[in-house]
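Source file: protein-v4.txt. Holds: compact mmCIF, C-alpha atoms.
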# COMPACT_ATOMS: atom_id res chain seq x y z
CA MET P 19 0.00 0.00 0.00
CA SER P 20 2.71 2.42 0.98
CA HIS P 21 4.64 1.45 -2.13
CA LYS P 22 1.61 2.18 -4.25
CA PHE P 23 1.18 5.54 -2.52
CA ARG P 24 4.83 6.48 -3.15
CA SER P 25 4.48 5.46 -6.71
CA GLN P 26 1.49 7.77 -7.17
CA ARG P 27 3.32 10.67 -5.57
CA VAL P 28 6.21 10.24 -7.98
CA SER P 29 4.22 9.57 -11.08
CA LEU P 30 1.84 12.52 -10.85
CA PRO P 31 4.54 15.19 -11.34
CA LEU P 32 6.10 13.07 -14.05
CA ILE P 33 2.77 12.81 -15.82
CA LEU P 34 2.28 16.56 -15.52
CA LEU P 35 5.81 17.20 -16.80
CA PHE P 36 5.28 14.83 -19.70
CA GLY P 37 1.99 16.52 -20.48
CA PHE P 38 3.59 19.96 -20.48
CA LEU P 39 6.38 18.71 -22.74
CA VAL P 40 3.95 17.16 -25.22
CA ILE P 41 1.71 20.21 -25.27
CA GLY P 42 4.73 22.47 -25.42
CA SER P 43 6.21 20.63 -28.38
CA VAL P 44 2.88 20.68 -30.24
CA VAL P 45 2.49 24.41 -29.63
CA ALA P 46 6.11 24.99 -30.63
CA ALA P 47 5.62 22.99 -33.83
CA GLU P 48 2.45 24.90 -34.69
CA SER P 49 4.01 28.28 -34.02
CA ASP P 50 7.43 27.57 -35.54
CA PRO P 51 7.61 29.72 -38.68
CA TRP P 52 10.07 27.25 -40.23
CA LEU P 53 7.75 24.22 -40.04
CA ARG P 54 5.36 23.57 -42.91
CA PRO P 55 1.61 23.27 -42.23
CA ASP P 56 0.28 19.76 -42.67
CA PHE P 57 -2.08 20.66 -45.50
CA ALA P 58 -2.04 23.09 -48.38
CA PRO P 59 -4.79 25.70 -48.56
CA ALA P 60 -7.47 25.29 -51.22
CA PRO P 61 -10.06 27.84 -52.41
CA PRO P 62 -13.72 27.35 -51.32
CA GLU P 63 -14.83 26.40 -54.83
CA ASN P 64 -12.17 23.70 -55.14
CA GLN P 65 -11.80 22.02 -51.78
CA LEU P 66 -9.84 18.79 -51.92
CA THR P 67 -11.70 15.51 -52.31
CA PRO P 68 -10.31 12.09 -53.21
CA ALA P 69 -12.17 12.17 -56.54
CA ARG P 70 -10.66 15.54 -57.46
CA ILE P 71 -7.15 14.45 -56.51
CA HIS P 72 -7.57 11.24 -58.52
CA LEU P 73 -8.83 13.13 -61.57
CA GLY P 74 -5.95 15.57 -61.31
CA GLN P 75 -3.45 12.75 -61.04
CA LEU P 76 -4.82 11.14 -64.22
CA LEU P 77 -4.62 14.43 -66.10
CA PHE P 78 -1.15 15.20 -64.76
CA PHE P 79 0.30 11.97 -66.13
CA ASP P 80 -1.71 11.91 -69.39
CA PRO P 81 0.36 12.76 -72.51
CA ARG P 82 -2.85 13.27 -74.48
CA LEU P 83 -2.91 16.73 -72.92
CA SER P 84 -0.24 17.74 -75.46
CA ARG P 85 -0.65 18.31 -79.21
CA LYS P 86 1.31 15.23 -80.29
CA SER P 87 0.37 13.16 -77.22
CA THR P 88 4.04 12.95 -76.35
CA MET P 89 4.27 15.20 -73.27
CA SER P 90 2.40 15.19 -70.00
CA CYS P 91 2.77 17.63 -67.12
CA ALA P 92 5.00 14.97 -65.57
CA SER P 93 7.41 15.11 -68.52
CA CYS P 94 8.84 18.28 -67.01
CA HIS P 95 7.54 17.95 -63.45
CA ASN P 96 8.88 14.45 -63.00
CA PRO P 97 8.36 13.00 -59.51
CA ALA P 98 11.52 10.92 -59.97
CA LEU P 99 13.50 14.15 -60.35
CA GLY P 100 12.13 16.21 -57.48
CA TRP P 101 9.06 17.15 -59.56
CA SER P 102 11.40 18.95 -61.97
CA ASP P 103 13.38 17.58 -64.93
CA GLY P 104 17.07 17.62 -64.06
CA LEU P 105 17.78 19.88 -67.05
CA PRO P 106 19.36 23.35 -67.02
CA THR P 107 16.34 24.70 -68.86
CA ALA P 108 13.15 22.94 -69.87
CA SER P 109 12.60 20.94 -73.02
CA GLY P 110 9.33 21.91 -74.68
CA PHE P 111 7.32 21.11 -77.79
CA ASP P 112 9.29 19.00 -80.29
CA MET P 113 12.20 18.95 -77.81
CA HIS P 114 12.69 22.68 -78.25
CA THR P 115 14.89 24.05 -75.45
CA LEU P 116 13.13 26.74 -73.43
CA ALA P 117 14.69 29.78 -71.78
CA ARG P 118 13.94 28.94 -68.15
CA ALA P 119 14.42 26.02 -65.82
CA THR P 120 11.43 23.90 -64.83
CA PRO P 121 10.51 24.91 -61.29
CA THR P 122 9.67 22.10 -58.92
CA ILE P 123 6.00 21.91 -58.01
CA VAL P 124 6.78 20.74 -54.48
CA ASN P 125 4.85 23.01 -52.09
CA THR P 126 3.81 25.31 -54.92
CA SER P 127 0.34 25.16 -53.40
CA PHE P 128 1.61 27.36 -50.57
CA ASN P 129 2.78 30.06 -52.96
CA SER P 130 0.73 33.21 -53.32
CA ILE P 131 1.94 33.72 -56.86
CA GLN P 132 2.96 31.25 -59.57
CA MET P 133 5.59 30.97 -62.33
CA TRP P 134 9.10 32.44 -62.45
CA ASP P 135 7.66 35.79 -63.50
CA GLY P 136 4.49 35.64 -61.41
CA ARG P 137 2.17 35.84 -64.40
CA LYS P 138 -0.32 33.50 -62.74
CA SER P 139 -1.74 33.99 -59.30
CA THR P 140 -3.31 30.64 -58.42
CA LEU P 141 -2.77 26.99 -59.22
CA GLU P 142 -6.08 26.98 -61.06
CA ASP P 143 -4.91 29.92 -63.20
CA GLN P 144 -1.58 28.27 -63.84
CA ALA P 145 -2.67 24.71 -64.57
CA THR P 146 -3.74 25.06 -68.19
CA GLY P 147 -1.07 27.61 -69.17
CA PRO P 148 1.63 25.11 -70.19
CA ILE P 149 -0.95 22.95 -72.01
CA GLU P 150 -1.84 25.71 -74.45
CA ALA P 151 1.58 27.44 -74.59
CA ALA P 152 2.92 27.01 -78.14
CA GLY P 153 6.43 26.27 -76.92
CA GLU P 154 5.32 23.70 -74.37
CA MET P 155 2.46 21.22 -74.78
CA ASN P 156 0.98 23.30 -77.60
CA LEU P 157 -2.63 22.12 -77.40
CA PRO P 158 -5.33 24.83 -77.60
CA LEU P 159 -7.87 24.36 -74.84
CA PRO P 160 -10.89 23.84 -77.17
CA GLU P 161 -9.01 20.93 -78.80
CA LEU P 162 -8.04 19.57 -75.38
CA ILE P 163 -11.65 19.57 -74.19
CA GLU P 164 -12.84 17.93 -77.42
CA ARG P 165 -10.15 15.27 -77.03
CA LEU P 166 -10.99 14.51 -73.38
CA ARG P 167 -14.72 14.33 -74.12
CA ALA P 168 -13.97 11.68 -76.74
CA ILE P 169 -12.33 9.42 -74.12
CA PRO P 170 -15.23 7.51 -72.52
CA GLY P 171 -13.33 6.67 -69.35
CA TYR P 172 -12.91 10.31 -68.39
CA ALA P 173 -16.65 11.12 -68.15
CA SER P 174 -17.20 9.28 -64.88
CA LYS P 175 -13.96 10.67 -63.41
CA PHE P 176 -15.02 14.26 -64.08
CA GLU P 177 -18.57 13.56 -62.85
CA ALA P 178 -17.28 12.10 -59.60
CA ALA P 179 -14.95 15.06 -59.05
CA TYR P 180 -17.18 17.90 -60.23
CA PRO P 181 -20.80 16.68 -60.43
CA GLY P 182 -22.82 18.36 -63.15
CA MET P 183 -19.97 20.57 -64.33
CA GLY P 184 -18.84 18.42 -67.25
CA ILE P 185 -15.47 18.34 -68.96
CA THR P 186 -14.40 21.94 -69.37
CA ALA P 187 -11.27 24.05 -69.10
CA VAL P 188 -12.42 24.98 -65.60
CA THR P 189 -12.75 21.40 -64.37
CA VAL P 190 -9.46 20.39 -66.02
CA ALA P 191 -7.71 23.27 -64.24
CA ARG P 192 -9.36 22.51 -60.92
CA GLY P 193 -8.50 18.82 -61.13
CA LEU P 194 -4.84 19.51 -61.93
CA ALA P 195 -4.66 22.07 -59.11
CA SER P 196 -6.15 19.55 -56.69
CA PHE P 197 -3.47 17.01 -57.49
CA GLU P 198 -0.73 19.62 -57.23
CA ARG P 199 -1.96 20.48 -53.73
CA THR P 200 -0.96 16.98 -52.68
CA VAL P 201 2.64 17.38 -53.89
CA LEU P 202 4.27 18.39 -50.63
CA SER P 203 7.74 18.20 -49.21
CA THR P 204 8.33 15.32 -46.85
CA GLU P 205 9.71 15.61 -43.34
CA SER P 206 13.36 16.56 -43.61
CA PRO P 207 16.20 16.28 -41.07
CA PHE P 208 15.80 20.04 -40.57
CA ASP P 209 12.12 19.53 -39.62
CA ARG P 210 13.02 16.80 -37.15
CA TRP P 211 15.61 19.08 -35.61
CA ARG P 212 13.10 21.91 -35.28
CA LYS P 213 10.74 19.49 -33.56
CA GLY P 214 13.36 18.70 -30.95
CA ASP P 215 15.60 15.93 -32.29
CA GLU P 216 19.04 17.43 -31.72
CA LYS P 217 20.71 14.56 -33.54
CA ALA P 218 18.71 14.98 -36.72
CA VAL P 219 21.23 17.36 -38.30
CA SER P 220 24.95 17.93 -37.95
CA ALA P 221 26.61 20.76 -36.05
CA SER P 222 27.69 22.08 -39.42
CA ALA P 223 24.06 22.25 -40.62
CA LYS P 224 23.00 23.99 -37.40
CA ASN P 225 25.68 26.61 -37.90
CA GLY P 226 24.62 26.85 -41.53
CA PHE P 227 21.11 27.73 -40.40
CA GLU P 228 22.47 30.54 -38.23
CA LEU P 229 24.49 31.84 -41.17
CA PHE P 230 21.44 31.47 -43.41
CA GLN P 231 19.51 33.87 -41.20
CA ASP P 232 22.32 36.26 -40.33
CA LYS P 233 25.65 36.73 -42.09
CA ALA P 234 24.68 35.11 -45.39
CA LYS P 235 21.35 37.02 -45.52
CA CYS P 236 19.61 34.12 -47.33
CA ALA P 237 16.48 34.44 -45.18
CA VAL P 238 15.93 37.96 -46.46
CA CYS P 239 14.28 36.26 -49.45
CA HIS P 240 14.12 32.56 -48.52
CA MET P 241 11.94 33.11 -45.46
CA GLY P 242 9.43 30.93 -43.62
CA TYR P 243 8.53 27.25 -43.85
CA ASN P 244 8.53 27.24 -47.64
CA PHE P 245 11.75 29.25 -47.78
CA THR P 246 10.38 31.90 -50.11
CA ASP P 247 9.08 35.44 -49.74
CA ASN P 248 6.92 34.97 -52.85
CA GLY P 249 8.87 37.98 -54.04
CA PHE P 250 10.93 39.01 -57.07
CA HIS P 251 14.65 39.75 -57.13
CA ASN P 252 17.40 40.29 -59.65
CA ILE P 253 20.23 38.22 -58.19
CA GLY P 254 22.83 39.04 -60.82
CA LEU P 255 23.15 35.80 -62.78
CA LYS P 256 25.47 35.80 -65.76
CA THR P 257 23.46 35.45 -68.95
CA GLU P 258 24.38 34.80 -72.53
CA GLY P 259 22.55 36.31 -75.47
CA GLU P 260 19.36 38.27 -75.09
CA PRO P 261 18.72 39.00 -71.38
CA ASP P 262 15.56 37.55 -69.85
CA VAL P 263 13.54 40.48 -68.50
CA GLY P 264 11.67 38.25 -66.02
CA ARG P 265 9.05 39.98 -63.89
CA PHE P 266 9.47 43.19 -65.92
CA ALA P 267 7.15 41.69 -68.57
CA GLN P 268 4.37 41.69 -65.95
CA ARG P 269 5.35 44.79 -64.00
CA PRO P 270 7.26 47.28 -66.18
CA LEU P 271 9.25 48.79 -63.33
CA LYS P 272 13.00 49.31 -63.23
CA SER P 273 13.57 47.09 -60.20
CA MET P 274 11.74 44.22 -61.86
CA HIS P 275 14.03 44.07 -64.92
CA GLY P 276 15.76 40.69 -64.66
CA ALA P 277 13.91 39.84 -61.43
CA PHE P 278 12.47 36.37 -60.85
CA LYS P 279 10.41 34.76 -58.12
CA THR P 280 12.23 33.35 -55.12
CA PRO P 281 11.97 29.54 -55.37
CA THR P 282 11.39 27.21 -52.45
CA LEU P 283 14.45 25.49 -50.98
CA ARG P 284 12.49 22.47 -49.78
CA ASP P 285 13.82 19.19 -51.22
CA ILE P 286 16.53 21.22 -52.91
CA ALA P 287 19.04 18.37 -53.08
CA LEU P 288 16.66 16.69 -55.56
CA THR P 289 16.35 19.55 -58.01
CA ALA P 290 19.80 20.30 -59.47
CA PRO P 291 20.81 22.10 -61.59
CA TYR P 292 19.94 25.35 -59.85
CA MET P 293 18.74 28.88 -60.59
CA ARG P 294 16.15 29.99 -63.13
CA ASN P 295 18.57 29.34 -65.99
CA GLY P 296 20.09 26.16 -64.55
CA SER P 297 23.54 27.72 -64.49
CA TYR P 298 24.85 26.00 -61.33
CA LYS P 299 25.24 22.27 -60.93
CA THR P 300 25.90 22.18 -57.19
CA LEU P 301 24.71 23.90 -54.04
CA MET P 302 28.28 25.03 -53.38
CA GLU P 303 28.28 26.89 -56.69
CA VAL P 304 25.04 28.57 -55.60
CA VAL P 305 26.51 29.60 -52.26
CA GLU P 306 29.61 30.98 -53.99
CA HIS P 307 27.42 33.02 -56.31
CA TYR P 308 25.80 34.74 -53.34
CA ASP P 309 29.17 35.09 -51.60
CA ARG P 310 30.35 37.12 -54.61
CA GLY P 311 27.24 39.28 -54.34
CA GLY P 312 26.14 38.18 -57.80
CA ASP P 313 28.00 38.56 -61.08
CA ASP P 314 25.99 40.80 -63.40
CA LYS P 315 25.55 44.00 -61.40
CA THR P 316 23.06 45.50 -63.86
CA ASN P 317 19.91 46.38 -61.90
CA LEU P 318 21.04 44.12 -59.07
CA ASP P 319 18.64 43.72 -56.11
CA ILE P 320 19.82 46.04 -53.34
CA ASN P 321 19.76 43.14 -50.87
CA MET P 322 22.61 41.54 -52.85
CA VAL P 323 26.04 42.33 -51.36
CA PRO P 324 29.33 40.39 -51.10
CA LEU P 325 29.26 38.20 -47.99
CA SER P 326 32.92 37.39 -47.23
CA LEU P 327 32.07 33.84 -46.17
CA THR P 328 34.89 31.54 -45.12
CA ALA P 329 35.33 28.12 -46.74
CA SER P 330 34.01 26.52 -43.56
CA GLU P 331 30.95 28.77 -43.52
CA LYS P 332 30.17 27.87 -47.13
CA GLN P 333 30.35 24.18 -46.22
CA ASP P 334 28.00 24.83 -43.30
CA LEU P 335 25.49 26.54 -45.56
CA VAL P 336 25.55 23.62 -47.97
CA ALA P 337 25.10 21.19 -45.07
CA PHE P 338 22.08 23.19 -43.92
CA LEU P 339 20.57 23.32 -47.42
CA GLU P 340 20.98 19.57 -47.79
CA SER P 341 19.17 19.09 -44.48
CA LEU P 342 16.03 20.56 -46.09
CA THR P 343 15.56 17.45 -48.21
CA GLY P 344 13.43 14.57 -47.02
CA VAL P 345 13.08 11.08 -48.43
CA PRO P 346 10.96 11.38 -51.55
CA PRO P 347 7.91 9.10 -51.51
CA ASP P 348 7.32 6.50 -54.20
CA VAL P 349 4.76 7.91 -56.61
CA ARG P 350 2.32 5.66 -58.39
CA VAL P 351 1.76 6.43 -62.06
CA PRO P 352 -1.91 5.68 -62.72
CA ALA P 353 -3.41 3.66 -65.55
CA LEU P 354 -5.08 6.18 -67.82
CA PRO P 355 -8.75 6.14 -68.92
CA HIS P 356 -9.67 4.90 -72.40
CA MET X 11 -12.49 48.84 -9.76
CA THR X 12 -15.35 51.40 -9.58
CA SER X 13 -18.22 51.62 -12.03
CA ARG X 14 -16.81 54.97 -13.20
CA SER X 15 -13.43 53.45 -14.00
CA HIS X 16 -15.22 50.58 -15.76
CA SER X 17 -17.01 53.13 -17.95
CA VAL X 18 -13.79 54.96 -18.75
CA LEU X 19 -12.08 51.70 -19.65
CA ARG X 20 -15.02 50.64 -21.82
CA LEU X 21 -15.02 54.00 -23.65
CA SER X 22 -11.27 53.81 -24.17
CA LEU X 23 -11.54 50.32 -25.64
CA MET X 24 -14.39 51.46 -27.91
CA ALA X 25 -12.28 54.39 -29.09
CA VAL X 26 -9.41 52.04 -29.91
CA VAL X 27 -11.72 49.69 -31.81
CA VAL X 28 -13.29 52.58 -33.77
CA ALA X 29 -9.87 54.04 -34.55
CA CYS X 30 -8.66 50.67 -35.84
CA ALA X 31 -11.78 50.17 -37.98
CA MET X 32 -11.63 53.58 -39.66
CA PRO X 33 -9.36 54.29 -42.59
CA ALA X 34 -6.55 56.65 -41.69
CA LEU X 35 -7.45 60.30 -42.28
CA ALA X 36 -5.30 62.46 -44.49
CA GLY X 37 -2.79 65.13 -43.95
CA ASP X 38 0.72 64.74 -45.16
CA GLN X 39 1.37 61.47 -43.49
CA THR X 40 3.56 58.44 -43.26
CA VAL X 41 2.81 54.82 -44.02
CA SER X 42 5.13 52.19 -42.60
CA GLN X 43 6.18 49.00 -44.35
CA ALA X 44 6.64 46.43 -41.61
CA LYS X 45 6.48 42.64 -41.43
CA LYS X 46 6.04 42.57 -45.20
CA ALA X 47 2.85 44.67 -45.12
CA PHE X 48 1.71 48.27 -45.39
CA THR X 49 0.47 49.35 -41.98
CA VAL X 50 -2.49 51.16 -43.54
CA GLY X 51 -5.03 49.40 -45.77
CA VAL X 52 -6.87 52.45 -47.10
CA LEU X 53 -5.61 56.00 -46.81
CA LYS X 54 -7.90 59.00 -47.40
CA ALA X 55 -6.09 61.99 -48.88
CA LYS X 56 -6.57 65.11 -50.94
CA VAL X 57 -4.97 66.33 -54.13
CA GLY X 58 -1.75 68.11 -53.19
CA ASP X 59 -1.09 65.99 -50.10
CA THR X 60 2.08 63.97 -49.80
CA VAL X 61 2.42 60.42 -48.56
CA THR X 62 5.72 59.17 -47.21
CA PHE X 63 6.52 55.46 -47.14
CA ARG X 64 9.02 54.29 -44.52
CA ASN X 65 10.71 50.90 -44.67
CA ASP X 66 10.73 49.41 -41.16
CA ASP X 67 11.69 45.89 -42.28
CA GLU X 68 15.16 44.38 -42.27
CA PHE X 69 15.03 43.94 -46.04
CA ALA X 70 14.37 46.13 -49.07
CA HIS X 71 10.94 47.25 -50.21
CA ASN X 72 9.57 49.12 -53.19
CA VAL X 73 6.53 51.31 -53.75
CA PHE X 74 4.77 51.77 -57.04
CA SER X 75 1.38 52.29 -58.64
CA LEU X 76 0.24 51.66 -62.18
CA SER X 77 -3.25 53.04 -61.48
CA ASP X 78 -5.05 55.22 -64.02
CA ALA X 79 -5.53 57.91 -61.36
CA GLN X 80 -1.77 58.28 -60.86
CA SER X 81 1.18 56.08 -61.62
CA PHE X 82 4.60 56.26 -59.99
CA ASP X 83 7.60 54.12 -59.14
CA LEU X 84 9.48 55.19 -56.02
CA GLY X 85 12.09 52.49 -56.52
CA SER X 86 13.59 50.07 -54.00
CA TYR X 87 15.06 51.15 -50.67
CA LYS X 88 16.48 49.68 -47.49
CA LYS X 89 15.47 49.69 -43.83
CA GLY X 90 15.06 53.14 -42.32
CA GLU X 91 14.85 54.90 -45.68
CA VAL X 92 11.76 56.77 -46.90
CA ARG X 93 10.21 57.66 -50.24
CA THR X 94 7.56 60.35 -50.75
CA VAL X 95 4.93 60.85 -53.44
CA LYS X 96 2.80 63.93 -54.04
CA LEU X 97 -0.78 63.17 -54.98
CA THR X 98 -1.66 64.98 -58.18
CA ALA X 99 -5.14 63.81 -59.21
CA PRO X 100 -8.35 62.55 -57.63
CA GLY X 101 -9.25 58.87 -57.76
CA THR X 102 -8.22 55.57 -56.22
CA ILE X 103 -4.55 54.71 -56.36
CA GLU X 104 -3.66 51.06 -55.85
CA VAL X 105 -0.21 50.88 -54.29
CA GLU X 106 2.00 47.78 -54.21
CA CYS X 107 5.51 46.70 -53.40
CA ALA X 108 7.00 45.34 -56.61
CA ILE X 109 9.33 43.04 -54.69
CA HIS X 110 6.56 41.57 -52.53
CA PRO X 111 3.28 41.49 -54.51
CA GLU X 112 1.32 40.46 -51.40
CA MET X 113 1.85 43.99 -50.08
CA LYS X 114 -1.04 46.15 -51.27
CA MET X 115 -2.88 49.27 -50.10
CA LYS X 116 -5.10 51.99 -51.56
CA ILE X 117 -5.04 55.76 -51.44
CA GLU X 118 -8.43 57.36 -52.02
CA VAL X 119 -7.67 60.85 -53.28
CA SER X 120 -10.38 63.52 -53.27
CA LYS X 121 -10.29 67.07 -54.67

Structure encoded using structure tokens:
Amino acid sequence: MSHKFRSQRVSLPLILLFGFLVIGSVVAAESDPWLRPDFAPAPPENQLTPARIHLGQLLFFDPRLSRKSTMSCASCHNPALGWSDGLPTASGFDMHTLARATPTIVNTSFNSIQMWDGRKSTLEDQATGPIEAAGEMNLPLPELIERLRAIPGYASKFEAAYPGMGITAVTVARGLASFERTVLSTESPFDRWRKGDEKAVSASAKNGFELFQDKAKCAVCHMGYNFTDNGFHNIGLKTEGEPDVGRFAQRPLKSMHGAFKTPTLRDIALTAPYMRNGSYKTLMEVVEHYDRGGDDKTNLDINMVPLSLTASEKQDLVAFLESLTGVPPDVRVPALPH
Amino acid sequence: MTSRSHSVLRLSLMAVVVACAMPALAGDQTVSQAKKAFTVGVLKAKVGDTVTFRNDDEFAHNVFSLSDAQSFDLGSYKKGEVRTVKLTAPGTIEVECAIHPEMKMKIEVSK
């Protein structure tokens, strides 16, 4: 009896302590600006459902969404290559090389603006753009809709996802956006560290994170859980030939000439080569670019300055960047409707 | 606490709530850019007034408008720096930061 009593007296504080720790860690995780929310936001008219995600997945992997039925969305946004393509710049219609790198679609659902130049604001706006772009999948939307309506197996998929709305450009865009909202970064060593596992990352990566926020100034643009400010910056990349005006085409302002949207850094070890023109093969090359304060100083973003990083600090930054990559999940390629 | 002090507190709280709900009134005044946002959503002003934008963030901001009522580009500037625009015509001016498109506000300019 006395033993039982002692045991209760000891266990109650322990239980309370454990409870505080659990609650504390949950609150910390929820309030930590560097930890990604569990789910991506979706607009009221296109809330996620299993039928919508399934439809979007079918469309995403279907090459019949391109003029010659040779390219699907996944041709460039390949899940085996970090939802990008591993190329310096994208390969479009008839293998034509495009001017910009394929951005990963990991976590793009958290972005408030889409595309390198921000010409689309939502996933729904963006989804059909590459389908009808002459240099990409090159299939006008009226032809796409006619083609999909002629595939009997699609009718029930669209009806299940969007009852009574039929097969239209709107439902195609909403389906694709729904699937894209499920393409999320996985838990990385960095995330586990932020949640309290001190052994999840190396001391070098921890120091890299400090440098990332302070001396190296990376977090000026790569801020928050998705490591982007959804903003536009000219970071002084060397270019050959005609310069790419970037955001200036959408906002004809001096500071936007040569400015491009800040990409996410999540799963970055999977998406080499880097930068909007694919000019760097390694993360160390990227870090050295910023250490130099950029190369082309024409209209350079005023946040860009030489950093005077030591060799050890550069290694720490690379170690930190690598810690942002989780284990990519196996992705099932679906059998397509006929 | 007395009933009188309760009333004073209640009135003070109401005044704060009303002040927060109302758009800022004009004059030649300053709008801060802090935590990646303009601190004023809608500013009432008159033709001839000036509006000064102050960057209170650790990183650069920009101010521009491509509105029909008045267009301007005050460029990009660092923490602690300011840029000023003189309002020259009536109408609604939609103001943004070119670097951070989520940052938006309006200036309603009357004669």

Figure out the distance between CA of Ser75 (chain X) and CA of Met274 (chain P), please, to one decimal in Å.
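Computing it gives 13.5 Å between the two atoms.
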
Which residues of chain X come within 12 Å of chain P, and what is each one's closest atom pair and distance in Å (one decimal), counting only C-alpha atoms, sorted by chain and residue number, as a tab-separated table?
residue	atom	partner	partner_atom	distance
X:Lys45	CA	P:Asp247	CA	11.3
X:Lys46	CA	P:Asp247	CA	9.0
X:Asp67	CA	P:Val238	CA	9.9
X:Glu68	CA	P:Val238	CA	7.7
X:Phe69	CA	P:Val238	CA	6.1
X:Ala70	CA	P:Asn321	CA	6.4
X:His71	CA	P:Ile320	CA	9.5
X:Asn72	CA	P:Ser273	CA	8.3
X:Val73	CA	P:Leu271	CA	10.3
X:Phe74	CA	P:Leu271	CA	8.3
X:Ser75	CA	P:Leu271	CA	9.8
X:Leu76	CA	P:Arg269	CA	8.8
X:Ser81	CA	P:Leu271	CA	11.0
X:Phe82	CA	P:Leu271	CA	9.4
X:Asp83	CA	P:Leu271	CA	7.0
X:Leu84	CA	P:Leu271	CA	9.7
X:Gly85	CA	P:Ser273	CA	6.7
X:Ser86	CA	P:Ser273	CA	6.9
X:Tyr87	CA	P:Ile320	CA	7.5
X:Lys88	CA	P:Ile320	CA	7.7
X:Lys89	CA	P:Asn321	CA	10.5
X:Glu106	CA	P:Arg269	CA	10.8
X:Cys107	CA	P:Gly249	CA	9.4
X:Ala108	CA	P:Met274	CA	7.2
X:Ile109	CA	P:Phe250	CA	4.9
X:His110	CA	P:Gly249	CA	4.5
X:Pro111	CA	P:Gly249	CA	6.6
X:Glu112	CA	P:Ser130	CA	7.5
X:Met113	CA	P:Gly249	CA	10.1

With distances taken over only C-alpha atoms, which residue among P:Arg199, P:His356, P:Lys256, P:Arg350 lies nearest Gly312 (chain P)?
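Closest to Gly312 (chain P) of all the choices is P:Lys256.
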
For CA of Val95 (chain X) and CA of His275 (chain P), the interatomic separation in Å (one decimal)
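For CA of Val95 (chain X) relative to CA of His275 (chain P), the distance reads 22.3 Å.
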
Measuring atom to atom with all atoms listed in the file, identify which of P:Asp348, P:Asn317, P:Gly254, P:Glu228 is nearest to Glu331 (chain P).
P:Glu228

Identify, on the basis of only C-alpha atoms, every residue whose closest approach to Met293 (chain P) does not exceed 9 Å; exclude the query and any residue fewer than 3 positions from it along the same chain; express the result as a PyMOL selection string.
chain P and resi 106+118-119+255+281+290+296-298+304

Nearest to Asp143 (chain P) by atom-to-atom distance, counting all atoms listed in the file, from P:Gly264, P:Pro355, P:Gly193, P:Gly171
P:Gly193

Using Å and a single decimal, report how far CA of Ala145 (chain P) sits from CA of Leu162 (chain P).
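One can read the CA of Leu162 (chain P) to CA of Ala145 (chain P) distance as 13.1 Å.
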